$ cat my_file-v6.tsv   # TSV, C-alpha atoms
chain	number	residue	atom	x	y	z
A	400	MET	CA	-15.11	12.84	-8.98
A	401	PRO	CA	-15.58	16.32	-7.43
A	402	SER	CA	-12.49	18.17	-6.17
A	403	ALA	CA	-12.19	18.88	-2.44
A	404	ALA	CA	-15.15	16.60	-1.77
A	405	THR	CA	-16.40	15.32	1.58
A	406	LEU	CA	-15.94	11.57	1.95
A	407	ILE	CA	-18.96	10.01	3.67
A	408	PHE	CA	-19.24	6.51	5.15
A	409	GLY	CA	-22.53	4.66	5.62
A	410	PHE	CA	-22.00	1.17	7.00
A	411	PRO	CA	-24.43	-1.18	8.78
A	412	ASP	CA	-24.26	-0.44	12.50
A	413	VAL	CA	-26.70	0.31	15.35
A	414	GLY	CA	-30.21	0.89	14.00
A	415	LEU	CA	-28.74	0.61	10.48
A	416	VAL	CA	-28.71	4.41	10.64
A	417	GLY	CA	-25.63	4.84	8.43
A	418	VAL	CA	-26.63	2.47	5.66
A	419	ILE	CA	-30.26	3.68	5.57
A	420	ALA	CA	-29.08	7.30	5.37
A	421	ALA	CA	-26.44	6.52	2.74
A	422	SER	CA	-28.74	4.52	0.50
A	423	TYR	CA	-31.33	7.30	0.67
A	424	LEU	CA	-28.64	9.81	-0.36
A	425	VAL	CA	-27.68	7.69	-3.38
A	426	GLU	CA	-31.30	7.68	-4.54
A	427	GLU	CA	-32.26	11.22	-3.57
A	428	LEU	CA	-29.16	12.93	-4.97
A	429	ASN	CA	-28.94	10.56	-7.92
A	430	LEU	CA	-25.30	9.76	-7.10
A	431	GLU	CA	-23.20	7.94	-9.65
A	432	GLU	CA	-21.23	4.78	-8.86
A	433	ILE	CA	-17.55	5.50	-9.47
A	434	ALA	CA	-15.66	2.69	-7.71
A	435	TYR	CA	-16.00	-0.42	-5.57
A	436	ILE	CA	-13.96	-2.65	-3.29
A	437	GLU	CA	-12.84	-6.07	-4.43
A	438	SER	CA	-10.79	-8.17	-2.06
A	439	GLU	CA	-10.04	-11.85	-1.50
A	440	MET	CA	-10.31	-11.08	2.20
A	441	LEU	CA	-14.00	-10.20	1.99
A	442	PRO	CA	-16.68	-12.92	2.18
A	443	PRO	CA	-17.54	-14.56	-1.18
A	444	LEU	CA	-20.60	-12.43	-1.84
A	445	VAL	CA	-21.95	-10.18	-4.59
A	446	VAL	CA	-25.17	-8.19	-4.59
A	447	LEU	CA	-27.36	-8.54	-7.67
A	448	HIS	CA	-29.07	-5.38	-8.93
A	449	ASP	CA	-31.03	-5.42	-12.19
A	450	GLY	CA	-29.55	-8.83	-12.92
A	451	LEU	CA	-25.92	-7.78	-12.60
A	452	PRO	CA	-23.39	-8.41	-9.83
A	453	HIS	CA	-22.02	-5.61	-7.66
A	454	SER	CA	-19.53	-5.47	-4.83
A	455	SER	CA	-21.20	-5.10	-1.44
A	456	ILE	CA	-18.96	-2.07	-0.77
A	457	ARG	CA	-19.34	0.63	-3.38
A	458	ILE	CA	-18.38	4.28	-3.82
A	459	PHE	CA	-20.74	6.87	-5.27
A	460	ALA	CA	-20.13	10.51	-6.11
A	461	GLY	CA	-22.14	13.67	-6.59
A	462	GLU	CA	-21.42	17.35	-6.84
A	463	LYS	CA	-19.87	17.82	-3.41
A	464	ILE	CA	-19.71	14.40	-1.86
A	465	VAL	CA	-18.16	10.99	-2.30
A	466	LEU	CA	-20.11	8.34	-0.46
A	467	THR	CA	-19.06	4.81	0.47
A	468	ILE	CA	-21.77	2.36	1.39
A	469	SER	CA	-21.73	-1.27	2.42
A	470	GLU	CA	-24.94	-3.21	1.84
A	471	VAL	CA	-23.92	-5.96	4.25
A	472	PRO	CA	-22.10	-5.67	7.57
A	473	VAL	CA	-18.33	-5.60	7.21
A	474	PRO	CA	-16.85	-8.57	9.11
A	475	VAL	CA	-15.15	-7.32	12.24
A	476	GLU	CA	-11.82	-8.87	11.14
A	477	MET	CA	-11.96	-6.71	8.00
A	478	VAL	CA	-13.11	-3.35	9.36
A	479	HIS	CA	-9.59	-1.93	9.74
A	480	GLN	CA	-8.45	-3.01	6.27
A	481	VAL	CA	-11.62	-1.75	4.58
A	482	MET	CA	-11.62	1.61	6.35
A	483	ASN	CA	-7.89	2.17	5.84
A	484	ALA	CA	-8.17	1.35	2.13
A	485	LEU	CA	-11.12	3.72	1.70
A	486	MET	CA	-9.53	6.56	3.66
A	487	LYS	CA	-6.20	6.28	1.82
A	488	TRP	CA	-8.07	6.23	-1.48
A	489	GLY	CA	-10.01	9.32	-0.39
A	490	GLU	CA	-6.82	11.13	0.64
A	491	SER	CA	-5.26	10.31	-2.73
A	492	LYS	CA	-8.24	12.13	-4.24
A	493	ASN	CA	-7.71	15.12	-1.91
A	494	VAL	CA	-10.97	14.87	0.06
A	495	LYS	CA	-11.27	17.86	2.39
A	496	MET	CA	-13.23	16.13	5.16
A	497	MET	CA	-14.58	12.74	6.23
A	498	ILE	CA	-17.95	12.09	7.85
A	499	SER	CA	-19.26	8.80	9.17
A	500	LEU	CA	-23.03	8.39	9.50
A	501	SER	CA	-24.16	6.19	12.36
A	502	GLY	CA	-26.27	5.95	15.48
A	503	ILE	CA	-26.10	6.04	19.23
A	504	PRO	CA	-28.56	3.79	21.07
A	505	LEU	CA	-31.26	5.43	23.12
A	506	GLU	CA	-33.01	3.57	25.94
A	507	ASP	CA	-36.81	3.53	25.53
A	508	ARG	CA	-36.31	4.88	22.03
A	509	GLN	CA	-39.97	4.16	21.18
A	510	ASP	CA	-41.03	6.81	23.70
A	511	ALA	CA	-38.78	9.52	22.26
A	512	THR	CA	-40.63	12.29	20.45
A	513	GLU	CA	-37.50	14.11	19.27
A	514	LEU	CA	-34.19	12.54	18.35
A	515	LYS	CA	-30.88	14.25	18.89
A	516	CYS	CA	-27.82	13.99	16.69
A	517	PHE	CA	-24.39	14.05	18.32
A	518	ALA	CA	-20.98	14.56	16.78
A	519	ALA	CA	-17.60	13.07	17.64
A	520	ALA	CA	-14.73	14.98	16.09
A	521	SER	CA	-11.18	14.14	15.04
A	522	ASN	CA	-9.66	17.54	15.83
A	523	PRO	CA	-10.56	20.97	17.28
A	524	GLU	CA	-11.40	22.31	13.82
A	525	ALA	CA	-13.98	19.57	13.21
A	526	LEU	CA	-15.30	19.95	16.75
A	527	LYS	CA	-15.83	23.68	16.22
A	528	LEU	CA	-17.57	23.03	12.90
A	529	ALA	CA	-20.06	20.71	14.63
A	530	GLN	CA	-20.67	23.22	17.40
A	531	ASP	CA	-21.14	26.05	14.89
A	532	LYS	CA	-23.86	23.92	13.27
A	533	ASN	CA	-25.53	23.40	16.68
A	534	ILE	CA	-24.66	19.72	16.86
A	535	GLU	CA	-23.97	18.59	20.39
A	536	PRO	CA	-20.47	17.14	20.68
A	537	LEU	CA	-19.74	13.83	22.38
A	538	THR	CA	-17.12	14.90	24.87
A	539	GLU	CA	-16.45	11.67	26.80
A	540	GLY	CA	-17.05	7.98	26.20
A	541	TYR	CA	-16.17	5.19	23.82
A	542	ILE	CA	-16.77	4.94	20.07
A	543	VAL	CA	-16.69	1.44	18.54
A	544	GLY	CA	-16.74	0.48	14.87
A	545	PRO	CA	-15.71	1.98	11.52
A	546	GLN	CA	-16.18	5.52	12.86
A	547	ALA	CA	-13.60	4.83	15.58
A	548	ILE	CA	-11.05	3.88	12.93
A	549	MET	CA	-11.92	6.98	10.91
A	550	LEU	CA	-11.56	9.32	13.89
A	551	GLN	CA	-8.22	7.81	14.92
A	552	HIS	CA	-6.81	7.91	11.39
A	553	ALA	CA	-8.07	11.45	10.74
A	554	SER	CA	-6.69	12.59	14.06
A	555	ASN	CA	-3.26	11.30	13.00
A	556	THR	CA	-3.32	12.77	9.50
A	557	GLY	CA	-4.97	16.07	10.35
A	558	THR	CA	-7.90	15.60	7.97
A	559	PRO	CA	-10.99	16.93	9.75
A	560	ALA	CA	-13.50	14.18	10.41
A	561	LEU	CA	-16.85	13.88	12.16
A	562	ALA	CA	-18.92	10.92	13.26
A	563	LEU	CA	-22.56	11.98	13.16
A	564	LEU	CA	-24.49	9.81	15.58
A	565	GLY	CA	-28.27	9.92	15.67
A	566	GLN	CA	-30.17	8.62	18.69
A	567	CYS	CA	-31.70	5.32	17.61
A	568	PHE	CA	-32.84	1.81	18.40
A	569	TYR	CA	-29.90	-0.50	19.02
A	570	ASN	CA	-31.30	-3.61	17.37
A	571	TYR	CA	-34.05	-2.33	15.07
A	572	PRO	CA	-33.72	-0.44	11.76
A	573	ASP	CA	-34.39	3.21	12.50
A	574	PRO	CA	-35.27	5.38	9.46
A	575	GLU	CA	-36.28	8.32	11.71
A	576	ALA	CA	-32.78	8.40	13.19
A	577	ALA	CA	-31.32	8.22	9.67
A	578	ALA	CA	-33.45	11.24	8.69
A	579	GLU	CA	-32.17	13.20	11.68
A	580	VAL	CA	-28.56	12.40	10.79
A	581	LEU	CA	-29.16	13.42	7.17
A	582	LYS	CA	-30.58	16.81	8.23
A	583	ASN	CA	-27.38	17.51	10.15
A	584	LEU	CA	-25.17	16.19	7.35
A	585	ALA	CA	-26.94	18.49	4.87
A	586	ASN	CA	-26.25	21.42	7.17
A	587	ILE	CA	-22.55	20.62	7.43
A	588	VAL	CA	-21.85	19.78	3.79
A	589	ASP	CA	-24.26	22.41	2.47
A	590	ILE	CA	-26.37	20.12	0.32
A	591	LYS	CA	-30.16	19.91	0.06
A	592	VAL	CA	-31.71	16.67	1.25
A	593	ASP	CA	-35.47	16.34	1.57
A	594	VAL	CA	-36.04	13.54	4.11
A	595	SER	CA	-39.82	13.45	3.76
A	596	LYS	CA	-39.80	10.40	1.45
A	597	LEU	CA	-37.49	8.58	3.84
A	598	LEU	CA	-39.93	9.18	6.69
A	599	GLN	CA	-42.91	8.16	4.53
A	600	LYS	CA	-41.17	4.88	3.64
A	601	GLY	CA	-40.22	4.22	7.27
A	602	GLU	CA	-42.30	1.09	7.81
A	603	GLU	CA	-41.27	-0.38	4.47
A	604	ILE	CA	-37.60	0.16	5.31
A	605	ARG	CA	-38.06	-1.46	8.74
A	606	LEU	CA	-39.68	-4.47	7.08
A	607	ARG	CA	-37.06	-4.87	4.35
A	608	ALA	CA	-34.05	-4.26	6.58
A	609	ARG	CA	-34.78	-7.07	9.07
A	610	ASP	CA	-32.27	-9.52	7.63
A	611	VAL	CA	-29.43	-6.99	7.30
A	612	MET	CA	-30.17	-5.94	10.88
A	613	LYS	CA	-29.90	-9.55	12.07
A	614	ARG	CA	-26.53	-9.99	10.36
A	615	THR	CA	-25.38	-6.63	11.73
A	616	GLN	CA	-26.32	-7.71	15.26
A	617	GLU	CA	-23.92	-10.65	14.90
A	618	GLU	CA	-21.02	-8.39	13.85
A	619	MET	CA	-21.83	-5.79	16.52
A	620	GLY	CA	-21.65	-8.52	19.13
A	621	LYS	CA	-18.22	-9.65	17.87
A	622	MET	CA	-17.08	-6.00	17.78
A	623	LYS	CA	-18.20	-5.45	21.39
A	624	LYS	CA	-20.38	-2.56	20.27
A	625	GLY	CA	-22.05	-2.50	23.67
A	626	GLN	CA	-18.84	-1.00	25.03
A	627	GLU	CA	-20.10	2.37	23.79
A	628	MET	CA	-22.50	2.31	26.74
A	629	ASP	CA	-19.72	1.60	29.26
A	630	ILE	CA	-18.74	4.26	31.75
A	631	PRO	CA	-15.20	5.34	30.86
A	632	ILE	CA	-12.35	5.53	33.32
A	633	TYR	CA	-11.11	9.08	33.61
A	634	VAL	CA	-7.59	9.62	32.25
A	635	SER	CA	-6.77	13.29	31.79
B	1040	MET	CA	-69.54	-43.36	23.06
B	1041	SER	CA	-67.38	-40.73	21.44
B	1042	LEU	CA	-65.43	-41.48	18.37
B	1043	LYS	CA	-61.96	-40.05	18.19
B	1044	LYS	CA	-61.57	-38.27	14.89
B	1045	ARG	CA	-58.76	-39.75	12.85
B	1046	ARG	CA	-56.21	-37.19	11.74
B	1047	SER	CA	-55.12	-37.03	8.16
B	1048	PHE	CA	-51.53	-37.66	7.13
B	1049	SER	CA	-51.23	-34.04	5.98
B	1050	ASP	CA	-52.44	-32.73	9.40
B	1051	MET	CA	-49.84	-34.88	11.11
B	1052	MET	CA	-47.14	-33.63	8.77
B	1053	ASP	CA	-48.22	-30.01	9.42
B	1054	ASP	CA	-47.97	-30.58	13.18
B	1055	TYR	CA	-44.60	-32.25	12.73
B	1056	PHE	CA	-43.16	-29.32	10.79
B	1057	GLN	CA	-44.74	-26.82	13.18
B	1058	ASN	CA	-43.09	-28.56	16.13
B	1059	ILE	CA	-39.73	-28.49	14.37
B	1060	GLU	CA	-40.14	-24.78	13.55
B	1061	GLN	CA	-41.07	-24.00	17.16
B	1062	TRP	CA	-38.07	-25.94	18.41
B	1063	MET	CA	-35.73	-24.12	16.00
B	1064	GLU	CA	-37.09	-20.68	16.92
B	1065	GLU	CA	-36.89	-21.34	20.63
B	1066	PHE	CA	-33.52	-22.97	20.82
B	1067	GLU	CA	-31.53	-21.69	17.86
B	1068	GLY	CA	-32.62	-18.11	18.35
B	1069	PRO	CA	-33.14	-15.47	15.73
B	1070	LEU	CA	-29.60	-15.57	14.38
B	1071	ALA	CA	-29.66	-19.09	12.94
B	1072	GLU	CA	-28.85	-19.63	9.26
B	1073	ARG	CA	-32.43	-19.90	8.06
B	1074	PRO	CA	-34.72	-17.47	6.26
B	1075	SER	CA	-36.73	-14.93	8.21
B	1076	TRP	CA	-39.81	-15.92	6.21
B	1077	ASN	CA	-41.98	-18.99	5.91
B	1078	LEU	CA	-43.85	-19.46	2.63
B	1079	ARG	CA	-45.86	-22.46	3.83
B	1080	ASN	CA	-47.35	-20.51	6.75
B	1081	ARG	CA	-47.17	-17.16	4.89
B	1082	THR	CA	-45.46	-15.59	7.90
B	1083	LEU	CA	-42.50	-13.31	8.50
B	1084	GLU	CA	-40.28	-13.62	11.53
B	1085	PRO	CA	-40.02	-10.28	13.34
B	1086	LEU	CA	-36.91	-8.81	14.90
B	1087	ARG	CA	-37.02	-9.10	18.67
B	1088	GLU	CA	-34.88	-8.32	21.69
B	1089	THR	CA	-34.91	-9.70	25.23
B	1090	ALA	CA	-33.56	-7.84	28.26
B	1091	ILE	CA	-33.38	-9.35	31.73
B	1092	THR	CA	-33.45	-7.02	34.72
B	1093	PRO	CA	-33.42	-8.05	38.38
B	1094	THR	CA	-37.21	-7.73	38.51
B	1095	GLU	CA	-38.54	-8.50	35.05
B	1096	VAL	CA	-37.94	-9.81	31.57
B	1097	LEU	CA	-38.61	-7.17	28.93
B	1098	ILE	CA	-39.14	-8.35	25.38
B	1099	THR	CA	-39.62	-6.00	22.45
B	1100	VAL	CA	-40.75	-7.08	18.99
B	1101	ASP	CA	-40.59	-4.83	15.92
B	1102	LEU	CA	-43.80	-5.15	13.90
B	1103	PRO	CA	-44.00	-2.62	11.05
B	1104	PHE	CA	-47.29	-2.51	9.11
B	1105	THR	CA	-49.39	-3.65	12.08
B	1106	THR	CA	-51.95	-2.07	14.38
B	1107	LYS	CA	-52.47	-2.65	18.07
B	1108	GLY	CA	-55.70	-4.62	17.65
B	1109	ASN	CA	-54.09	-7.22	15.39
B	1110	ILE	CA	-51.38	-8.34	17.78
B	1111	LYS	CA	-51.65	-11.49	19.87
B	1112	VAL	CA	-49.24	-12.40	22.64
B	1113	LYS	CA	-49.91	-15.62	24.55
B	1114	PRO	CA	-47.97	-18.15	26.62
B	1115	ALA	CA	-47.05	-21.35	24.77
B	1116	GLY	CA	-45.79	-23.30	27.75
B	1117	LYS	CA	-44.03	-22.36	30.98
B	1118	ASN	CA	-41.14	-20.51	29.38
B	1119	THR	CA	-42.27	-19.73	25.85
B	1120	LEU	CA	-44.35	-16.91	24.37
B	1121	GLU	CA	-46.08	-16.97	21.03
B	1122	VAL	CA	-46.33	-13.62	19.24
B	1123	SER	CA	-48.39	-13.19	16.11
B	1124	ALA	CA	-49.59	-10.07	14.33
B	1125	LYS	CA	-51.70	-9.70	11.22
B	1126	MET	CA	-50.18	-7.16	8.85
B	1127	ASN	CA	-52.19	-4.22	7.54
B	1128	ARG	CA	-51.46	-5.34	4.01
B	1129	VAL	CA	-50.24	-8.42	2.21
B	1130	VAL	CA	-46.53	-8.26	1.42
B	1131	LYS	CA	-45.17	-10.12	-1.59
B	1132	LEU	CA	-41.73	-11.67	-1.41
B	1133	GLN	CA	-40.81	-9.87	-4.64
B	1134	GLU	CA	-41.50	-6.51	-2.95
B	1135	LEU	CA	-38.87	-7.44	-0.39
B	1136	GLY	CA	-36.31	-7.85	-3.14
B	1137	LEU	CA	-36.28	-11.63	-3.66
B	1138	THR	CA	-37.47	-11.90	-7.24
B	1139	HIS	CA	-36.64	-15.58	-7.73
B	1140	TYR	CA	-39.18	-16.81	-5.16
B	1141	GLU	CA	-42.94	-16.46	-5.28
B	1142	GLY	CA	-45.08	-16.01	-2.23
B	1143	GLU	CA	-46.81	-13.54	0.01
B	1144	PHE	CA	-47.03	-12.87	3.71
B	1145	HIS	CA	-50.04	-12.01	5.84
B	1146	LYS	CA	-48.64	-11.90	9.34
B	1147	TYR	CA	-45.67	-12.04	11.67
B	1148	HIS	CA	-45.20	-15.10	13.82
B	1149	SER	CA	-42.58	-16.02	16.35
B	1150	TYR	CA	-41.97	-18.19	19.41
B	1151	LEU	CA	-39.89	-16.53	22.09
B	1152	ARG	CA	-38.11	-18.51	24.76
B	1153	ILE	CA	-37.96	-16.80	28.15
B	1154	PRO	CA	-34.52	-17.53	29.62
B	1155	VAL	CA	-35.48	-17.19	33.33
B	1156	ALA	CA	-38.54	-18.09	35.43
B	1157	VAL	CA	-41.37	-15.55	35.05
B	1158	ASN	CA	-44.97	-15.11	36.11
B	1159	MET	CA	-46.91	-15.41	32.85
B	1160	ASP	CA	-50.18	-14.48	34.60
B	1161	LYS	CA	-48.84	-11.00	35.29
B	1162	MET	CA	-47.71	-10.32	31.73
B	1163	ALA	CA	-48.22	-6.72	30.60
B	1164	VAL	CA	-48.19	-5.76	26.92
B	1165	ARG	CA	-47.74	-2.28	25.48
B	1166	TYR	CA	-47.77	-1.20	21.84
B	1167	LYS	CA	-46.20	1.95	20.44
B	1168	LYS	CA	-45.11	2.96	16.94
B	1169	GLY	CA	-45.29	-0.60	15.62
B	1170	LEU	CA	-43.24	-1.97	18.48
B	1171	VAL	CA	-44.61	-4.35	21.12
B	1172	GLU	CA	-43.22	-4.30	24.63
B	1173	ILE	CA	-43.88	-7.37	26.78
B	1174	HIS	CA	-43.17	-7.09	30.51
B	1175	LEU	CA	-42.94	-10.33	32.48
B	1176	PRO	CA	-42.23	-10.12	36.23
B	1177	ARG	CA	-39.57	-12.58	37.37
B	1178	THR	CA	-40.42	-15.21	39.99
B	1179	ARG	CA	-38.02	-16.05	42.80
$ encode --input "my_file-v6.tsv" --output "structure tokens"
Amino acid sequence: MPSAATLIFGFPDVGLVGVIAASYLVEELNLEEIAYIESEMLPPLVVLHDGLPHSSIRIFAGEKIVLTISEVPVPVEMVHQVMNALMKWGESKNVKMMISLSGIPLEDRQDATELKCFAAASNPEALKLAQDKNIEPLTEGYIVGPQAIMLQHASNTGTPALALLGQCFYNYPDPEAAAEVLKNLANIVDIKVDVSKLLQKGEEIRLRARDVMKRTQEEMGKMKKGQEMDIPIYVS
Amino acid sequence: MSLKKRRSFSDMMDDYFQNIEQWMEEFEGPLAERPSWNLRNRTLEPLRETAITPTEVLITVDLPFTTKGNIKVKPAGKNTLEVSAKMNRVVKLQELGLTHYEGEFHKYHSYLRIPVAVNMDKMAVRYKKGLVEIHLPRTR
């Protein structure tokens, strides 16, 4: 595992942006699996790859990054435990920063010609980093899901953390949004990621990801993900 | 005198299963514990979303690997729409990652239940980037 790495999370969420981006990173950067989560509290499920069973939540590593990816949505009752376990593990390995890859729903997304990527930060240092990289910060509003747990935890511990949120479809897999998030991630972490193959395989990904998207919709409903579109009450 | 053509047992069974499938799609919704594919009909069930505004019902259906000319949207009753779309290429189940089943798919097919009263005659359909938008004005 690299020293002073950036810990990245890619979980199924709106538009499956995080998990599409993370799985593309594993393939594109040829990341190596270094760990996985096993827990009696998770659903009784393994993922078969090349005839062998794997945990649905795995950790991969490359030169500068450590990436955690979940191939199925994490049950809402387990999100806190899973995120806390992963973040504590990362801190024990002295990660220097945490970044969650996800989306932010855009109304009439199909009409959008350009997609923006926003950043929510855990502390002023992370906020400045996003701004220095020309990523528009989310300054007000609600964040729901694993990235909310990451931001709260990182805010408490002082580890800089960013949630990168690409404008996307709410209920449909969105490879274009994943590509946009990856471009911004590459800029922050200083890695090279060519997203052209991801964009070329867009339709194939949309076709294959239908079932994971359906399952993710169920968990997003339980998590009250729609609250991210609520207008917040102002408390200074 | 016209003779009524007798239907075969297999036709009747096909109709029976089709009716059950339609009922399941309409009333159980897309989140039921059943596969999103149908080997007998060689169809895939698309992802879809329904939004109800004060003036209309807006349904979107995600249809990758389709073109505008191959999409059919038609009423199947007072409060049901039938959406089908031929795919640009045949997709094998193994390509989708299920290697222990054999089969291929030629089109998407889905019945969509409209939850409020609408005017089907004024339905407007738009297609963009593999996504179909169906606008149905609400009736009072």
$ interface_residues --input "my_file-v6.tsv" --of "chain A" --to "chain B" --cutoff "7 Å" --atoms "only C-alpha atoms" --output "PyMOL selection string"
chain A and resi 509+602+605-607+609+613
$ write_last_selection --input "my_file-v6.tsv" --atoms "C-alpha atoms" --output "CSV table (one decimal), in the frame of the given file"
chain,number,residue,atom,x,y,z
A,509,GLN,CA,-40.0,4.2,21.2
A,602,GLU,CA,-42.3,1.1,7.8
A,605,ARG,CA,-38.1,-1.5,8.7
A,606,LEU,CA,-39.7,-4.5,7.1
A,607,ARG,CA,-37.1,-4.9,4.4
A,609,ARG,CA,-34.8,-7.1,9.1
A,613,LYS,CA,-29.9,-9.6,12.1
$ closest_atom_pairs --input "my_file-v6.tsv" --of "region 438-506 of chain A" --to "region 577-598 of chain A" --cutoff "12 Å" --atoms "only C-alpha atoms" --output "CSV"
residue,atom,partner,partner_atom,distance
A:Gly461,CA,A:Ile590,CA,10.4
A:Glu462,CA,A:Ile590,CA,9.1
A:Lys463,CA,A:Val588,CA,7.7
A:Ile464,CA,A:Val588,CA,8.1
A:Val465,CA,A:Val588,CA,11.3
A:Lys495,CA,A:Val588,CA,10.8
A:Met496,CA,A:Val588,CA,9.5
A:Met497,CA,A:Val588,CA,10.4
A:Ile498,CA,A:Leu584,CA,8.3
A:Ser499,CA,A:Leu584,CA,9.6
A:Leu500,CA,A:Val580,CA,7.0
A:Ser501,CA,A:Val580,CA,7.8
A:Gly502,CA,A:Ala577,CA,8.0
A:Ile503,CA,A:Val580,CA,10.9
$ closest_residue --input "my_file-v6.tsv" --among "B:Leu1132, B:Ile1153, B:Leu1175, B:Ala1115" --to "Arg1081 (chain B)" --atoms "all atoms listed in the file"
B:Leu1132
$ residues_around --input "my_file-v6.tsv" --residues "region 1156-1159 of chain B" --least-positions-apart "2" --cutoff "6 Å" --atoms "all atoms listed in the file" --output "PDB file with C-alpha atoms, in the coordinates of the input"
ATOM      1  CA  LYS B1161     -48.840 -11.000  35.290  1.00  0.00           C
ATOM      2  CA  MET B1162     -47.710 -10.320  31.730  1.00  0.00           C
ATOM      3  CA  PRO B1176     -42.230 -10.120  36.230  1.00  0.00           C
ATOM      4  CA  ARG B1177     -39.570 -12.580  37.370  1.00  0.00           C
ATOM      5  CA  THR B1178     -40.420 -15.210  39.990  1.00  0.00           C
TER       6      THR B1178
END
$ residues_around --input "my_file-v6.tsv" --residues "Leu514 (chain A)" --least-positions-apart "5" --cutoff "8 Å" --atoms "only C-alpha atoms" --output "number ranges by chain"
A: 565-567, 576, 579
$ closest_residue --input "my_file-v6.tsv" --among "B:Thr1094, B:Thr1082, B:Ser1047, B:Asn1109" --to "His1148 (chain B)" --atoms "all atoms listed in the file"
B:Thr1082
$ closest_residue --input "my_file-v6.tsv" --among "B:Val1122, B:Val1112, B:Leu1097, B:Ile1091" --to "Lys1146 (chain B)" --atoms "all atoms listed in the file"
B:Val1122
$ closest_residue --input "my_file-v6.tsv" --among "A:Ile468, A:Met477, A:Ala608, A:Val413" --to "Pro442 (chain A)" --atoms "only C-alpha atoms"
A:Met477
$ atom_distance --input "my_file-v6.tsv" --atom1 "CA of Glu431 (chain A)" --atom2 "CA of Asp449 (chain A)"
15.7 Å
$ closest_residue --input "my_file-v6.tsv" --among "A:Ile632, A:Met486, A:Met612, A:Lys623" --to "Val471 (chain A)" --atoms "all atoms listed in the file"
A:Met612
$ atom_distance --input "my_file-v6.tsv" --atom1 "CA of Glu506 (chain A)" --atom2 "CA of Gln626 (chain A)"
14.9 Å
$ residues_around --input "my_file-v6.tsv" --residues "Lys621 (chain A)" --least-positions-apart "5" --cutoff "10 Å" --atoms "all atoms listed in the file" --output "list in words"
Pro474, Val475, Glu476, Thr615 and Gln616 of chain A
$ residues_around --input "my_file-v6.tsv" --residues "Gly414 (chain A)" --least-positions-apart "5" --cutoff "7 Å" --atoms "only C-alpha atoms" --output "NGL selection string"
:A and (502 or 567-573)
$ write_last_selection --input "my_file-v6.tsv" --atoms "C-alpha atoms" --output "tab-separated table (two decimals), in the frame of the given file"
chain	number	residue	atom	x	y	z
A	502	GLY	CA	-26.27	5.95	15.48
A	567	CYS	CA	-31.70	5.32	17.61
A	568	PHE	CA	-32.84	1.81	18.40
A	569	TYR	CA	-29.90	-0.50	19.02
A	570	ASN	CA	-31.30	-3.61	17.37
A	571	TYR	CA	-34.05	-2.33	15.07
A	572	PRO	CA	-33.72	-0.44	11.76
A	573	ASP	CA	-34.39	3.21	12.50
$ axis_aligned_box --input "my_file-v6.tsv" --around "region 420-430 of chain A" --padding-each-side "3 Å" --output "AutoDock Vina command-line options"
--center_x -28.8 --center_y 8.7 --center_z -1.3 --size_x 13.0 --size_y 14.4 --size_z 19.3
$ atom_distance --input "my_file-v6.tsv" --atom1 "CA of Ala403 (chain A)" --atom2 "CA of Ala519 (chain A)"
21.6 Å
$ closest_residue --input "my_file-v6.tsv" --among "A:Ala529, A:Ala420, A:Leu415, A:Ile534" --to "Pro559 (chain A)" --atoms "only C-alpha atoms"
A:Ala529
$ residues_around --input "my_file-v6.tsv" --residues "Pro545 (chain A)" --least-positions-apart "4" --cutoff "12 Å" --atoms "all atoms listed in the file" --output "count of residues only"
40
$ build_atoms --input "my_file-v6.tsv" --residues "region 541-549 of chain A" --atoms "N, CA and C atoms" --output "PDB file, in the coordinates of the input"
ATOM      1  N   TYR A 541     -16.813   6.061  24.796  1.00  0.00           N
ATOM      2  CA  TYR A 541     -16.170   5.190  23.820  1.00  0.00           C
ATOM      3  C   TYR A 541     -16.927   5.223  22.488  1.00  0.00           C
ATOM      4  N   ILE A 542     -16.179   5.101  21.407  1.00  0.00           N
ATOM      5  CA  ILE A 542     -16.770   4.940  20.070  1.00  0.00           C
ATOM      6  C   ILE A 542     -16.233   3.606  19.531  1.00  0.00           C
ATOM      7  N   VAL A 543     -17.099   2.765  19.026  1.00  0.00           N
ATOM      8  CA  VAL A 543     -16.690   1.440  18.540  1.00  0.00           C
ATOM      9  C   VAL A 543     -17.175   1.286  17.094  1.00  0.00           C
ATOM     10  N   GLY A 544     -16.311   0.760  16.247  1.00  0.00           N
ATOM     11  CA  GLY A 544     -16.740   0.480  14.870  1.00  0.00           C
ATOM     12  C   GLY A 544     -15.963   1.285  13.843  1.00  0.00           C
ATOM     13  N   PRO A 545     -16.431   1.281  12.594  1.00  0.00           N
ATOM     14  CA  PRO A 545     -15.710   1.980  11.520  1.00  0.00           C
ATOM     15  C   PRO A 545     -15.429   3.443  11.852  1.00  0.00           C
ATOM     16  N   GLN A 546     -16.377   4.098  12.537  1.00  0.00           N
ATOM     17  CA  GLN A 546     -16.180   5.520  12.860  1.00  0.00           C
ATOM     18  C   GLN A 546     -15.014   5.728  13.831  1.00  0.00           C
ATOM     19  N   ALA A 547     -14.740   4.725  14.666  1.00  0.00           N
ATOM     20  CA  ALA A 547     -13.600   4.830  15.580  1.00  0.00           C
ATOM     21  C   ALA A 547     -12.297   4.826  14.777  1.00  0.00           C
ATOM     22  N   ILE A 548     -12.253   3.953  13.778  1.00  0.00           N
ATOM     23  CA  ILE A 548     -11.050   3.880  12.930  1.00  0.00           C
ATOM     24  C   ILE A 548     -10.883   5.179  12.151  1.00  0.00           C
ATOM     25  N   MET A 549     -11.987   5.712  11.655  1.00  0.00           N
ATOM     26  CA  MET A 549     -11.920   6.980  10.910  1.00  0.00           C
ATOM     27  C   MET A 549     -11.411   8.110  11.797  1.00  0.00           C
TER      28      MET A 549
END
